[in-house]
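Report on the structure given below.
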Amino acid sequence: MFKWLRRLRALPPIPEAAWQSALKRYAFLGDRPVAEQQRLRQLCAEFLRDKEFHGAKGFTITNEVALAIAAQAVLPVLHLKGGLNWYDDFVGIVVHRSEVVAKRKFVDDAQVVHEYNEVVAGEAMDRGPVMLSWDDVLASSVTSERGYNVVIHEFAHKIDMRGGDANGCPPLPSGFAGRRSAREARAAWLAVLKPAYEGFREKTILADRFGAEPPWLDAYGATSLSEFFAVACEAYFVNRANFGRDFPEVLALFDEFFLPKRP
């Protein structure tokens with residue numbers, strides 16, 4: 001499983017056949033300009049060197065598994081200043097064969113404890129590992145039309161968490177969107193993202209309760225602002241055209257963040 005990448009600080013190239021196979025399977029990677037593919041390949045090698053993959057319940061981590069996850073995980077940080085430093089709060093990536101039933105617990109406003117089970121395809125833990133379902137990772141090769149991508153979703157949460165709890169606003173660079181302070185930058189970010197989230201949430205409620213046409217974006221994004229950010233990141237990276245059609249203001253905001261202009 002690319003052990004030679006982790007043993008050496010120097011980075012031998014990822015085998016050409018393996019790389020081309022990944023680009024062919026995940027068309028949203030293969031369709032990118034050659035210069036971006038080269039940068040992506042470099043970051044993949046660094047990611048594979050620095051992260052540790054673990055198969056859960058007997059699942060075997062193969063070269064295909066590791067490379068597929070790495071190639072998609074590094075896409076959001078391809079142009080971000082700091083690159084893979086955005087992911088330096090964790091090492092482990094746990095891969096299950098399929099979805100996992102996770103036990104949840106929360107306390108409501110009346111201090112009543114509620115426990116329930118939730119089926120999840122992935123999970124990102126604050127300062128902890130990322131969990132992924134291999135079936136869902138594979139599915140991302142054919143679900144870009146729906147804007148679905150579990151790897152990008154979970155690693156978007158990791159980017160969001162760099163500023164603390166996941167809240168839909170990642171740490172913003174100084175001068176972001178022409179703002180003078182971090183507080184002003186955050187306000188500018190939320191001034192775009194929150195109305196988009198609220199409008200999307202309203203559409204999902206109308207579809208669910210009254211039979212209106214459901215929105216194109218995954219309805220899971222309506223559960224919270226942090227989930228909207230992660231779901232929006234999925235669509236932004238794998239189906240820019242549809243995302244820009246439905247969320248032009250958020251597209252411009254994400255471009256400002258994920259594709260910063262070089263001096």
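Residues are referred to by chain and number: the chain letter is A, B, ... according to the order shown in the structure tokens, the number counts from 1 in that chain, and ligands are numbered separately from 1 in the order shown.
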Could you pull out the residues in segment 65-210 of chain A that DSSP calls alpha helix (DSSP H) from the backbone, as JSON, numbers by chain?
-> {"A": [65, 66, 67, 68, 69, 70, 71, 72, 73, 134, 135, 136, 137, 138, 139, 150, 151, 152, 153, 154, 155, 156, 157, 158, 159, 160, 161, 182, 183, 184, 185, 186, 187, 188, 189, 190, 191, 192, 193, 194, 195, 196, 197, 198, 199, 200, 201, 202, 203, 204, 205, 206, 207, 208, 209, 210]}
Near segment 231-243 of chain A, within 6 Å and counting only C-alpha atoms, which residues show up once chain neighbours fewer than 6 positions away are dropped, as a ChimeraX atom specification?
-> /A:28,144,147-149,152-153,221
Serialized selection, all heavy atoms, as a PDB file, in the first residue's frame:
```pdb
ATOM      1  N   PHE A  28     -13.854  13.944 -12.727  1.00  0.00           N
ATOM      2  CA  PHE A  28     -13.692  15.317 -12.268  1.00  0.00           C
ATOM      3  C   PHE A  28     -12.230  15.629 -11.933  1.00  0.00           C
ATOM      4  O   PHE A  28     -11.859  16.803 -11.832  1.00  0.00           O
ATOM      5  CB  PHE A  28     -14.596  15.603 -11.062  1.00  0.00           C
ATOM      6  CG  PHE A  28     -14.386  14.680  -9.894  1.00  0.00           C
ATOM      7  CD1 PHE A  28     -13.466  14.979  -8.916  1.00  0.00           C
ATOM      8  CD2 PHE A  28     -15.122  13.503  -9.779  1.00  0.00           C
ATOM      9  CE1 PHE A  28     -13.270  14.130  -7.836  1.00  0.00           C
ATOM     10  CE2 PHE A  28     -14.938  12.652  -8.703  1.00  0.00           C
ATOM     11  CZ  PHE A  28     -14.006  12.959  -7.736  1.00  0.00           C
ATOM     12  N   SER A 144     -20.998  12.358  -9.774  1.00  0.00           N
ATOM     13  CA  SER A 144     -20.677  13.776  -9.910  1.00  0.00           C
ATOM     14  C   SER A 144     -21.843  14.567 -10.488  1.00  0.00           C
ATOM     15  O   SER A 144     -21.983  15.766 -10.227  1.00  0.00           O
ATOM     16  CB  SER A 144     -19.426  13.967 -10.780  1.00  0.00           C
ATOM     17  OG  SER A 144     -19.615  13.413 -12.063  1.00  0.00           O
ATOM     18  N   GLY A 147     -23.498  15.866  -7.750  1.00  0.00           N
ATOM     19  CA  GLY A 147     -22.655  16.662  -6.874  1.00  0.00           C
ATOM     20  C   GLY A 147     -22.238  15.945  -5.613  1.00  0.00           C
ATOM     21  O   GLY A 147     -21.829  16.581  -4.636  1.00  0.00           O
ATOM     22  N   TYR A 148     -22.294  14.602  -5.630  1.00  0.00           N
ATOM     23  CA  TYR A 148     -22.015  13.829  -4.414  1.00  0.00           C
ATOM     24  C   TYR A 148     -20.561  13.356  -4.382  1.00  0.00           C
ATOM     25  O   TYR A 148     -20.053  12.822  -5.368  1.00  0.00           O
ATOM     26  CB  TYR A 148     -22.938  12.613  -4.345  1.00  0.00           C
ATOM     27  CG  TYR A 148     -22.665  11.711  -3.153  1.00  0.00           C
ATOM     28  CD1 TYR A 148     -23.150  12.033  -1.896  1.00  0.00           C
ATOM     29  CD2 TYR A 148     -21.899  10.554  -3.292  1.00  0.00           C
ATOM     30  CE1 TYR A 148     -22.903  11.213  -0.800  1.00  0.00           C
ATOM     31  CE2 TYR A 148     -21.637   9.738  -2.201  1.00  0.00           C
ATOM     32  CZ  TYR A 148     -22.138  10.072  -0.964  1.00  0.00           C
ATOM     33  OH  TYR A 148     -21.872   9.270   0.114  1.00  0.00           O
ATOM     34  N   ASN A 149     -19.902  13.544  -3.231  1.00  0.00           N
ATOM     35  CA  ASN A 149     -18.544  13.040  -3.060  1.00  0.00           C
ATOM     36  C   ASN A 149     -18.224  12.971  -1.570  1.00  0.00           C
ATOM     37  O   ASN A 149     -17.997  13.995  -0.923  1.00  0.00           O
ATOM     38  CB  ASN A 149     -17.530  13.929  -3.772  1.00  0.00           C
ATOM     39  CG  ASN A 149     -16.139  13.328  -3.777  1.00  0.00           C
ATOM     40  OD1 ASN A 149     -15.476  13.275  -2.753  1.00  0.00           O
ATOM     41  ND2 ASN A 149     -15.700  12.852  -4.940  1.00  0.00           N
ATOM     42  N   ILE A 152     -14.581  14.410  -0.378  1.00  0.00           N
ATOM     43  CA  ILE A 152     -14.520  15.868  -0.322  1.00  0.00           C
ATOM     44  C   ILE A 152     -15.377  16.398   0.826  1.00  0.00           C
ATOM     45  O   ILE A 152     -14.995  17.341   1.524  1.00  0.00           O
ATOM     46  CB  ILE A 152     -14.937  16.481  -1.669  1.00  0.00           C
ATOM     47  CG1 ILE A 152     -13.880  16.147  -2.731  1.00  0.00           C
ATOM     48  CG2 ILE A 152     -15.116  17.994  -1.550  1.00  0.00           C
ATOM     49  CD1 ILE A 152     -14.241  16.567  -4.131  1.00  0.00           C
ATOM     50  N   HIS A 153     -16.523  15.787   1.057  1.00  0.00           N
ATOM     51  CA  HIS A 153     -17.391  16.201   2.153  1.00  0.00           C
ATOM     52  C   HIS A 153     -16.657  16.148   3.489  1.00  0.00           C
ATOM     53  O   HIS A 153     -16.647  17.129   4.249  1.00  0.00           O
ATOM     54  CB  HIS A 153     -18.623  15.290   2.202  1.00  0.00           C
ATOM     55  CG  HIS A 153     -19.616  15.675   3.244  1.00  0.00           C
ATOM     56  ND1 HIS A 153     -20.800  16.307   2.944  1.00  0.00           N
ATOM     57  CD2 HIS A 153     -19.613  15.520   4.608  1.00  0.00           C
ATOM     58  CE1 HIS A 153     -21.475  16.531   4.066  1.00  0.00           C
ATOM     59  NE2 HIS A 153     -20.780  16.054   5.090  1.00  0.00           N
ATOM     60  N   GLY A 221     -27.505  18.771   3.227  1.00  0.00           N
ATOM     61  CA  GLY A 221     -26.950  20.093   3.473  1.00  0.00           C
ATOM     62  C   GLY A 221     -27.890  21.027   4.202  1.00  0.00           C
ATOM     63  O   GLY A 221     -27.473  22.087   4.685  1.00  0.00           O
TER      64      GLY A 221
END
```
All strand (DSSP E) positions in segment 117-178 of chain A, as number ranges by chain | A: 117-120, 122-124, 130-133
Quick one: everything within 12 Å of segment 162-169 of chain A, counting only C-alpha atoms, minus sequence neighbours fewer than 6 positions away in the same chain. Send it as number ranges by chain.
-> A: 85-90, 124-127, 154-156, 182-183, 185-194, 196-197, 221, 223-233, 253-254, 257
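Nearest to Asp136 of chain A of all the residues A:Val100, A:Ala35, A:Ile205, A:Leu40 is A:Val100, based on only C-alpha atoms.
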Can you work out the spacing between atom CA of Asp135 of chain A and atom CA of Gly122 of chain A in Å, to one decimal?
-> 10.7 Å
What does the distance between atom CA of Leu48 of chain A and atom CA of Ser140 of chain A come to in Å, to one decimal place?
-> 19.8 Å
For Ile93 of chain A, which residue out of A:Met131, A:Ala56, A:Leu78, A:Leu67 is the nearest one, using only C-alpha atoms?
->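 That would be A:Met131, the residue with the smallest distance to Ile93 of chain A.
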Go through A:Ala18, A:Ile69, A:Ile159, A:Leu138 and flag the residue nearest Gly83 of chain A, using only C-alpha atoms for the distances.
->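 The answer is A:Ile159, which sits nearest to Gly83 of chain A.
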Give me, please, the distance in Å between atom CA of Val151 of chain A and atom CA of Lys57 of chain A, quoted to one decimal.
->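 So the answer is 20.0 Å.
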